[in-house]
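**Student:** entry.csv is reproduced in full below (CSV, C-alpha atoms and all ligand atoms).
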```
chain,number,residue,atom,x,y,z
P,1,MET,CA,253.7,210.9,254.9
P,2,THR,CA,254.8,209.2,258.1
P,3,ARG,CA,256.2,211.5,260.7
P,4,VAL,CA,259.5,211.3,262.7
P,5,PHE,CA,260.1,213.1,266.0
P,6,SER,CA,263.2,213.0,268.2
P,7,ALA,CA,265.0,215.3,270.6
P,8,MET,CA,268.1,215.8,272.7
P,9,GLN,CA,268.8,217.6,275.9
P,10,PRO,CA,271.1,220.6,276.1
P,11,THR,CA,273.0,219.1,279.0
P,12,SER,CA,276.5,219.7,277.7
P,13,ASP,CA,278.7,222.0,275.6
P,14,SER,CA,279.0,219.3,273.1
P,15,LEU,CA,277.1,216.3,272.0
P,16,GLN,CA,279.0,213.0,272.6
P,17,LEU,CA,279.6,210.3,270.0
P,18,GLY,CA,276.7,208.1,271.2
P,19,ASN,CA,274.2,210.9,270.5
P,20,TYR,CA,275.6,211.2,267.0
P,21,LEU,CA,275.9,207.5,266.1
P,22,GLY,CA,272.9,206.3,268.1
P,23,ALA,CA,270.5,209.0,267.0
P,24,LEU,CA,271.6,212.0,264.9
P,25,VAL,CA,272.9,210.0,262.0
P,26,GLU,CA,269.4,208.5,261.7
P,27,TRP,CA,267.7,211.8,262.0
P,28,VAL,CA,269.5,213.0,259.0
P,29,LYS,CA,268.7,209.9,257.0
P,30,LEU,CA,265.0,209.8,258.0
P,31,GLN,CA,264.4,213.4,256.9
P,32,GLU,CA,264.8,212.2,253.3
P,33,THR,CA,261.8,210.0,253.4
P,34,HIS,CA,259.7,211.3,256.3
P,35,GLU,CA,258.3,214.5,257.6
P,36,ALA,CA,260.8,215.2,260.4
P,37,ILE,CA,260.5,217.3,263.6
P,38,TYR,CA,263.5,217.6,265.9
P,39,SER,CA,263.8,219.5,269.1
P,40,VAL,CA,266.3,220.7,271.7
P,41,VAL,CA,264.4,219.7,274.9
P,42,ASP,CA,265.5,222.4,277.3
P,43,LEU,CA,262.6,221.7,279.8
P,44,HIS,CA,264.1,218.2,280.3
P,45,ALA,CA,267.5,219.8,281.0
P,46,LEU,CA,266.0,221.7,283.9
P,47,THR,CA,266.0,218.4,285.8
P,48,VAL,CA,269.8,218.8,286.3
P,49,ALA,CA,269.5,222.4,287.6
P,50,PRO,CA,271.8,224.1,285.1
P,51,ASP,CA,273.0,227.7,285.5
P,52,ARG,CA,271.1,230.3,283.5
P,53,ASP,CA,273.8,231.3,281.1
P,54,VAL,CA,275.0,227.8,280.7
P,55,LEU,CA,271.6,226.5,279.7
P,56,THR,CA,271.1,229.3,277.2
P,57,ARG,CA,274.5,228.6,275.6
P,58,ARG,CA,274.0,224.9,275.5
P,59,THR,CA,270.6,225.2,273.9
P,60,ARG,CA,272.1,227.1,270.9
P,61,VAL,CA,275.1,224.9,270.8
P,62,THR,CA,273.0,221.7,270.6
P,63,ALA,CA,270.8,223.1,267.8
P,64,ALA,CA,274.0,224.2,266.0
P,65,GLN,CA,275.3,220.6,266.0
P,66,PHE,CA,272.0,219.2,264.7
P,67,LEU,CA,272.3,221.6,261.7
P,68,ALA,CA,276.0,220.9,261.3
P,69,ALA,CA,275.3,217.1,261.2
P,70,GLY,CA,272.9,217.6,258.3
P,71,VAL,CA,269.5,218.4,259.7
P,72,ASP,CA,268.1,220.6,257.0
P,73,PRO,CA,265.9,223.4,258.2
P,74,ASP,CA,264.3,223.8,254.8
P,75,ARG,CA,263.0,220.2,255.0
P,76,SER,CA,262.7,219.5,258.8
P,77,LEU,CA,261.3,221.4,261.7
P,78,LEU,CA,263.9,222.3,264.3
P,79,PHE,CA,262.7,224.0,267.5
P,80,VAL,CA,263.4,224.5,271.2
P,81,GLN,CA,260.9,222.7,273.5
P,82,SER,CA,260.1,225.7,275.8
P,83,HIS,CA,259.1,227.7,272.7
P,84,VAL,CA,256.1,225.4,272.2
P,85,PRO,CA,254.1,225.5,275.5
P,86,GLN,CA,251.9,222.6,274.5
P,87,HIS,CA,254.6,220.2,275.6
P,88,ALA,CA,254.2,221.1,279.2
P,89,GLU,CA,250.4,221.2,278.9
P,90,LEU,CA,250.2,217.7,277.5
P,91,ALA,CA,252.7,216.4,280.0
P,92,TRP,CA,250.3,217.4,282.8
P,93,VAL,CA,247.5,215.5,281.2
P,94,LEU,CA,249.6,212.4,280.6
P,95,SER,CA,250.8,212.4,284.2
P,96,THR,CA,247.2,211.8,285.2
P,97,PHE,CA,247.2,208.7,282.9
P,98,THR,CA,250.5,207.3,284.4
P,99,GLY,CA,250.5,204.9,287.3
P,100,MET,CA,252.9,205.6,290.1
P,101,GLY,CA,254.3,202.0,289.9
P,102,GLU,CA,254.7,202.4,286.2
P,103,ALA,CA,256.7,205.5,286.5
P,104,GLY,CA,258.7,204.0,289.3
P,105,ARG,CA,259.9,201.1,287.1
P,106,MET,CA,261.9,203.4,284.8
P,107,THR,CA,265.5,202.3,285.1
P,108,GLN,CA,267.0,205.6,283.9
P,109,PHE,CA,265.4,207.4,286.9
P,110,LYS,CA,266.8,204.8,289.2
P,111,ASP,CA,270.3,205.1,287.6
P,112,LYS,CA,270.3,208.9,287.5
P,113,SER,CA,268.9,209.4,290.9
P,114,ALA,CA,271.4,206.9,292.3
P,115,GLN,CA,274.2,209.0,290.7
P,116,VAL,CA,273.1,212.3,292.1
P,117,GLY,CA,271.9,211.0,295.5
P,118,GLU,CA,268.5,211.4,297.1
P,119,SER,CA,269.0,215.0,298.0
P,120,GLY,CA,270.0,215.9,294.4
P,121,THR,CA,267.0,214.2,292.7
P,122,ASN,CA,263.7,215.9,292.0
P,123,VAL,CA,260.2,215.2,290.9
P,124,GLY,CA,261.0,216.4,287.4
P,125,LEU,CA,263.6,213.6,286.9
P,126,PHE,CA,260.9,211.2,288.0
P,127,THR,CA,258.3,212.5,285.6
P,128,TYR,CA,260.8,213.0,282.8
P,129,PRO,CA,259.4,210.1,280.7
P,130,VAL,CA,255.9,211.6,280.9
P,131,LEU,CA,257.2,214.8,279.4
P,132,MET,CA,259.0,212.8,276.8
P,133,ALA,CA,255.8,211.0,275.9
P,134,ALA,CA,254.1,214.4,275.5
P,135,ASP,CA,257.0,215.5,273.2
P,136,ILE,CA,256.3,212.5,270.9
P,137,LEU,CA,252.5,212.2,271.1
P,138,LEU,CA,251.9,215.9,270.3
P,139,TYR,CA,253.1,215.4,266.7
P,140,ASP,CA,251.2,212.3,265.8
P,141,THR,CA,254.6,210.7,265.6
P,142,ASN,CA,255.0,207.4,263.8
P,143,VAL,CA,258.7,206.8,264.2
P,144,VAL,CA,261.2,207.9,267.0
P,145,PRO,CA,264.9,207.4,266.2
P,146,VAL,CA,266.7,207.0,269.6
P,147,GLY,CA,269.5,205.0,271.3
P,148,GLU,CA,268.9,201.8,273.2
P,149,ASP,CA,268.8,203.7,276.5
P,150,GLN,CA,265.5,205.2,275.5
P,151,ARG,CA,263.7,201.9,274.7
P,152,GLN,CA,261.9,201.7,278.0
P,153,HIS,CA,260.8,205.4,277.9
P,154,LEU,CA,259.4,204.8,274.4
P,155,GLU,CA,257.6,201.7,275.6
P,156,LEU,CA,255.9,204.0,278.2
P,157,SER,CA,255.0,206.5,275.4
P,158,ARG,CA,253.3,203.6,273.5
P,159,ASP,CA,251.5,202.4,276.6
P,160,LEU,CA,250.2,205.9,277.3
P,161,ALA,CA,249.1,206.4,273.6
P,162,GLN,CA,247.2,203.1,273.7
P,163,ARG,CA,245.6,204.1,277.1
P,164,LEU,CA,244.5,207.5,275.7
P,165,ASN,CA,243.0,205.7,272.7
P,166,THR,CA,241.1,203.3,274.9
P,167,ARG,CA,239.8,205.9,277.3
P,168,LEU,CA,239.2,208.8,274.9
P,169,GLY,CA,238.4,206.9,271.7
P,170,GLU,CA,240.4,205.5,268.8
P,171,GLY,CA,242.4,208.1,266.9
P,172,THR,CA,243.1,210.3,269.9
P,173,VAL,CA,246.8,209.9,269.4
P,174,VAL,CA,249.2,207.9,267.1
P,175,VAL,CA,251.0,205.0,268.8
P,176,PRO,CA,254.8,205.6,268.0
P,177,GLU,CA,257.3,203.0,267.0
P,178,PRO,CA,260.9,203.1,268.1
P,179,HIS,CA,263.7,203.2,265.5
P,180,ILE,CA,266.8,201.8,267.1
P,181,VAL,CA,269.7,200.8,264.9
P,182,LYS,CA,271.2,197.8,266.6
P,183,ALA,CA,274.9,198.2,265.6
P,184,THR,CA,275.2,201.7,267.1
P,185,ALA,CA,272.3,201.7,269.6
P,186,LYS,CA,274.7,201.9,272.6
P,187,ILE,CA,278.1,203.5,272.4
P,188,PHE,CA,280.1,202.9,275.6
P,189,ASP,CA,282.2,205.2,277.8
P,190,LEU,CA,285.9,205.0,276.7
P,191,GLN,CA,287.1,204.5,280.3
P,192,GLU,CA,284.2,202.4,281.7
P,193,PRO,CA,283.1,200.4,278.6
P,194,THR,CA,280.3,198.7,280.4
P,195,LYS,CA,278.5,202.0,280.9
P,196,LYS,CA,276.9,204.0,278.1
P,197,MET,CA,278.7,207.2,277.0
P,198,SER,CA,276.7,210.1,278.5
P,199,LYS,CA,276.8,213.9,278.3
P,200,SER,CA,276.1,214.3,282.0
P,201,PHE,CA,277.7,211.3,283.6
P,202,SER,CA,280.8,210.3,281.6
P,203,GLY,CA,284.1,211.8,282.8
P,204,PRO,CA,286.2,213.9,280.4
P,205,LYS,CA,288.4,211.0,279.4
P,206,GLY,CA,285.4,208.7,278.8
P,207,LEU,CA,283.9,210.9,276.1
P,208,ILE,CA,284.4,211.6,272.4
P,209,GLU,CA,282.8,215.0,272.0
P,210,ILE,CA,281.8,216.4,268.6
P,211,LEU,CA,283.0,219.9,269.3
P,212,ASP,CA,286.1,218.9,271.2
P,213,ASP,CA,289.7,219.8,270.2
P,214,PRO,CA,290.8,217.1,267.7
P,215,LYS,CA,293.9,216.5,269.8
P,216,LYS,CA,291.8,215.7,272.8
P,217,VAL,CA,289.6,213.4,270.8
P,218,ALA,CA,292.6,211.5,269.5
P,219,LYS,CA,294.1,211.4,273.0
P,220,ASN,CA,291.0,210.0,274.6
P,221,ILE,CA,290.7,207.2,271.9
P,222,LYS,CA,294.4,206.3,272.4
P,223,ALA,CA,293.9,206.1,276.1
P,224,ALA,CA,290.7,204.1,275.9
P,225,ALA,CA,290.4,201.2,278.4
P,226,THR,CA,290.9,197.8,276.8
P,227,ASP,CA,292.0,194.6,278.4
P,228,SER,CA,295.2,192.7,279.3
P,229,ASP,CA,294.7,190.3,276.4
P,230,THR,CA,296.2,191.3,273.0
P,231,VAL,CA,293.8,189.9,270.4
P,232,ILE,CA,291.6,192.2,268.5
P,233,ARG,CA,288.2,190.5,268.4
P,234,PHE,CA,284.6,191.6,268.6
P,235,ASP,CA,283.3,190.2,271.9
P,236,PRO,CA,281.1,192.8,273.7
P,237,GLU,CA,280.8,190.6,276.8
P,238,GLY,CA,284.4,189.5,277.2
P,239,LYS,CA,286.1,192.5,275.5
P,240,PRO,CA,283.8,195.5,276.0
P,241,GLY,CA,286.5,198.1,275.4
P,242,VAL,CA,287.9,196.7,272.2
P,243,SER,CA,284.4,195.9,270.9
P,244,ASN,CA,283.3,199.5,271.5
P,245,LEU,CA,286.3,200.7,269.4
P,246,LEU,CA,285.4,198.3,266.6
P,247,THR,CA,281.8,199.5,266.7
P,248,ILE,CA,282.9,203.1,266.3
P,249,TYR,CA,285.5,202.1,263.6
P,250,SER,CA,282.9,200.3,261.6
P,251,ALA,CA,280.3,203.1,261.8
P,252,PHE,CA,282.8,205.8,260.6
P,253,SER,CA,284.6,203.7,258.0
P,254,GLY,CA,281.6,201.9,256.6
P,255,ARG,CA,283.5,198.7,256.8
P,256,ALA,CA,282.0,195.5,258.4
P,257,ILE,CA,283.4,194.6,261.8
P,258,ASP,CA,284.6,191.2,260.5
P,259,GLN,CA,286.7,192.9,257.8
P,260,ILE,CA,288.2,195.3,260.3
P,261,VAL,CA,289.1,192.4,262.6
P,262,ALA,CA,290.7,190.5,259.7
P,263,ASP,CA,292.7,193.6,258.8
P,264,TYR,CA,294.1,193.9,262.3
P,265,GLU,CA,295.0,190.2,262.8
P,266,GLY,CA,298.3,190.0,264.5
P,267,LYS,CA,298.4,193.7,265.2
P,268,MET,CA,298.3,195.5,268.6
P,269,TYR,CA,295.5,197.5,270.2
P,270,GLY,CA,297.7,200.5,269.7
P,271,HIS,CA,297.5,200.2,265.9
P,272,LEU,CA,293.8,200.0,266.0
P,273,LYS,CA,293.6,203.1,268.3
P,274,VAL,CA,295.9,205.2,266.3
P,275,ASP,CA,294.0,204.5,263.0
P,276,LEU,CA,290.6,205.0,264.7
P,277,ALA,CA,291.7,208.3,266.2
P,278,GLU,CA,292.5,209.5,262.7
P,279,ILE,CA,289.3,208.2,261.2
P,280,VAL,CA,287.2,209.9,263.9
P,281,VAL,CA,289.0,213.2,263.8
P,282,ASP,CA,288.8,213.4,260.0
P,283,TYR,CA,285.1,212.6,260.1
P,284,LEU,CA,284.2,215.0,262.9
P,285,THR,CA,286.3,218.0,261.8
P,286,PRO,CA,283.9,219.3,259.1
P,287,ILE,CA,280.9,218.8,261.4
P,288,ARG,CA,282.7,220.8,264.1
P,289,ASP,CA,283.6,223.6,261.6
P,290,ARG,CA,280.0,223.9,260.4
P,291,ALA,CA,278.7,223.9,264.0
P,292,MET,CA,281.1,226.7,264.8
P,293,GLU,CA,279.7,228.7,261.9
P,294,TRP,CA,276.2,228.4,263.3
P,295,ILE,CA,277.4,229.2,266.8
P,296,GLU,CA,279.1,232.4,265.5
P,297,SER,CA,275.9,233.6,263.9
P,298,PRO,CA,273.3,233.3,266.7
P,299,GLU,CA,270.8,235.5,264.9
P,300,ARG,CA,270.6,233.2,262.0
P,301,LEU,CA,270.3,230.2,264.4
P,302,ASP,CA,267.6,231.9,266.4
P,303,GLU,CA,265.6,232.6,263.2
P,304,VAL,CA,265.7,228.9,262.2
P,305,LEU,CA,264.5,228.0,265.7
P,306,ALA,CA,261.7,230.6,265.7
P,307,GLN,CA,260.4,229.4,262.4
P,308,GLY,CA,260.5,225.8,263.6
P,309,ALA,CA,258.7,226.7,266.8
P,310,SER,CA,255.9,228.5,265.1
P,311,LYS,CA,255.2,225.6,262.7
P,312,ALA,CA,255.6,223.0,265.5
P,313,SER,CA,253.2,224.9,267.7
P,314,ALA,CA,250.5,224.9,265.1
P,315,ILE,CA,250.7,221.1,264.7
P,316,ALA,CA,250.9,220.6,268.5
P,317,GLN,CA,247.8,222.8,269.1
P,318,VAL,CA,245.6,220.6,266.9
P,319,THR,CA,246.6,217.5,268.9
P,320,LEU,CA,246.1,219.3,272.2
P,321,ASP,CA,242.7,220.6,271.2
P,322,ARG,CA,241.6,217.1,270.2
P,323,ILE,CA,242.7,215.7,273.5
P,324,TYR,CA,241.2,218.5,275.6
P,325,ASP,CA,237.9,218.1,273.8
P,326,ARG,CA,237.8,214.4,274.3
P,327,LEU,CA,238.7,214.9,278.0
P,328,GLY,CA,235.7,217.2,278.4
P,329,LEU,CA,237.7,220.3,279.4
P,330,LEU,CA,235.3,223.2,278.8
P,331,PRO,CA,236.6,225.1,275.7
P,332,PRO,CA,237.2,228.8,276.2
P,333,LEU,CA,234.7,231.1,274.4
P,401,LIG,P1,272.4,212.9,279.5
P,401,LIG,O1,273.6,212.2,280.1
P,401,LIG,O2,272.3,214.4,279.9
P,401,LIG,O3,271.1,212.2,279.7
P,401,LIG,P2,272.8,211.8,276.9
P,401,LIG,O4,274.1,211.7,276.4
P,401,LIG,O5,272.1,210.6,277.5
P,401,LIG,O6,272.7,213.0,278.0
P,401,LIG,P3,270.3,212.6,275.7
P,401,LIG,O7,270.1,214.1,275.3
P,401,LIG,O8,269.6,212.2,276.9
P,401,LIG,O9,271.9,212.4,275.8
P,401,LIG,O10,269.9,211.7,274.5
P,401,LIG,C1,269.9,212.1,273.2
P,401,LIG,C2,269.8,210.9,272.3
P,401,LIG,O11,271.1,210.2,272.2
P,401,LIG,C3,268.8,209.8,272.6
P,401,LIG,O12,268.2,209.3,271.4
P,401,LIG,C4,269.6,208.8,273.3
P,401,LIG,O13,269.0,207.5,273.2
P,401,LIG,C5,270.9,208.8,272.5
P,401,LIG,N1,272.1,208.4,273.2
P,401,LIG,C6,272.6,208.9,274.4
P,401,LIG,N2,273.6,208.2,274.8
P,401,LIG,C7,273.9,207.2,273.8
P,401,LIG,C8,274.9,206.2,273.7
P,401,LIG,N3,275.9,206.1,274.6
P,401,LIG,N4,274.8,205.4,272.6
P,401,LIG,C9,273.8,205.5,271.7
P,401,LIG,N5,272.8,206.5,271.8
P,401,LIG,C10,272.9,207.3,272.8
P,402,MG,MG,270.2,210.7,278.4
```
As a first step, turn the structure in this file into structure tokens.
Ligand code: ATP
Ligand code: MG

**Tutor:**
Amino acid sequence: MTRVFSAMQPTSDSLQLGNYLGALVEWVKLQETHEAIYSVVDLHALTVAPDRDVLTRRTRVTAAQFLAAGVDPDRSLLFVQSHVPQHAELAWVLSTFTGMGEAGRMTQFKDKSAQVGESGTNVGLFTYPVLMAADILLYDTNVVPVGEDQRQHLELSRDLAQRLNTRLGEGTVVVPEPHIVKATAKIFDLQEPTKKMSKSFSGPKGLIEILDDPKKVAKNIKAAATDSDTVIRFDPEGKPGVSNLLTIYSAFSGRAIDQIVADYEGKMYGHLKVDLAEIVVDYLTPIRDRAMEWIESPERLDEVLAQGASKASAIAQVTLDRIYDRLGLLPPL
């Protein structure tokens, strides 16, 4: 069976809508037909220097939202990255296969380090895509469901996989394919609709958060930045704000964008926003309720994560042993 792997960082107290529409929806679908492995990548989150208690809380809250969205622990593995030490071990090996120039071309590092400034940036943020490649390659992953912003990182994972196979022999690792659903691959910030919605960098008014108070979700949608024109039309270049709202509307209602545009002909942006706010709140409420149930029973959650880690670790060790052997690292007695 082909294998799916994907992950999210515990960098916020709630996932944002882009995480849900760009990736999590696909995680849930793909587990029906694939062997699926999903992770809360807490080691990645260290790159933004979180407080101790905040990181612990966000790790559980992130896992709870995966489960609430429909990741089924009886079918898929769900674990926390730091519980499987092979991720950090393979990342070191892969860093020795990564060119400095190659790592330096990653646009997300450039964007993120520009946002935090040179003194706030760190080597971990620079080598982040190498750890991400390790996350993926450890599980002989065939398919990686992610948003558009991860395309370049995934390309690096593929290049590294091919390089390992060339240097260490065919079959060392599987070369992964991205799974990026065009319609929802990039959800934009509600206030700055030319930037992607982001857990760490969007302001509170730019976000739709899965766990947020429904009133605040509705308020943010109603206050979304649009344009001075009045026509409701899908035009991502010319009308990024309205187009983003139409994308979200279509994803949650299951209706084609053309149909929605036809329905709102002659109507104002305000009508679209009011209806969209209701659709989004209705959709997110049961997910939020289920997430709260998981958050309120941390023992049950930790048990799911422990079982996932033990199974994931067994798979990861087989890959790591194969790579260590082909590298010529002396095996321990
Ligand atoms: P951070 O700002 O801390 O990097 P993030 O919101 O980018 O957080 P990640 O944990 O880095 O979230 O990414 C989790 C998944 O969500 C990835 O597959 C990523 O491609 C996807 N994703 C993130 N933002 C968006 C977005 N705006 N639209 C679509 N997919 C997104
Ligand atoms: Mg991100």

**Student:** Find the residue from P:Leu301, P:Ile136, P:Val144, P:Met106 that sits nearest to Gln31 of chain P; use only C-alpha atoms when measuring.

**Tutor:**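 Checking each candidate against Gln31 of chain P, we get P:Val144 as the closest.
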
**Student:** Residues within 12 Å of ligand MG 402 (chain P), counting all atoms listed in the file: report them as a ChimeraX atom specification.

**Tutor:** /P:7-12,15-16,18-19,22-23,41,44-45,47-48,107-109,111-112,125,128-129,132,146-151,153,186,196-202

**Student:** Quote the spacing between atom CA of Tyr38 of chain P and atom CA of Ser76 of chain P in Å to one decimal place.

**Tutor:** 7.4 Å

**Student:** Quick one: residues within 7 Å of Glu35 of chain P, only C-alpha atoms counted, chain neighbours fewer than 5 positions away excluded, as an MDAnalysis selection string?

**Tutor:** chainID P and resid 1:4 76

**Student:** Can you list every residue of segment 162-262 of chain P that has an atom at most 12 Å from segment 78-94 of chain P, with its nearest atom pair and the distance in Å to one decimal, using only C-alpha atoms, ordered by chain then number, as CSV?

**Tutor:**
```
residue,atom,partner,partner_atom,distance
P:Gln162,CA,P:Leu94,CA,11.8
P:Arg163,CA,P:Leu94,CA,9.9
P:Leu164,CA,P:Leu94,CA,8.6
P:Val173,CA,P:Leu90,CA,11.7
```

**Student:** Excluding same-chain residues fewer than 5 positions from segment 289-293 of chain P, what lies within 8 Å of it counting only C-alpha atoms, as a list of chain:residue names?

**Tutor:**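 Residues meeting the cut-off are P:Val61, P:Ala64, P:Gln65, P:Leu67, P:Ala68, P:Leu211.
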
**Student:** Check the smallest atom-to-atom distance from each of P:Glu32, P:Asp263, P:Glu170, P:Asp189 to ligand LIG 401 (chain P) using all atoms listed in the file, then report the winner.

**Tutor:**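 That would be P:Asp189, the residue with the smallest distance to ligand LIG 401 (chain P).
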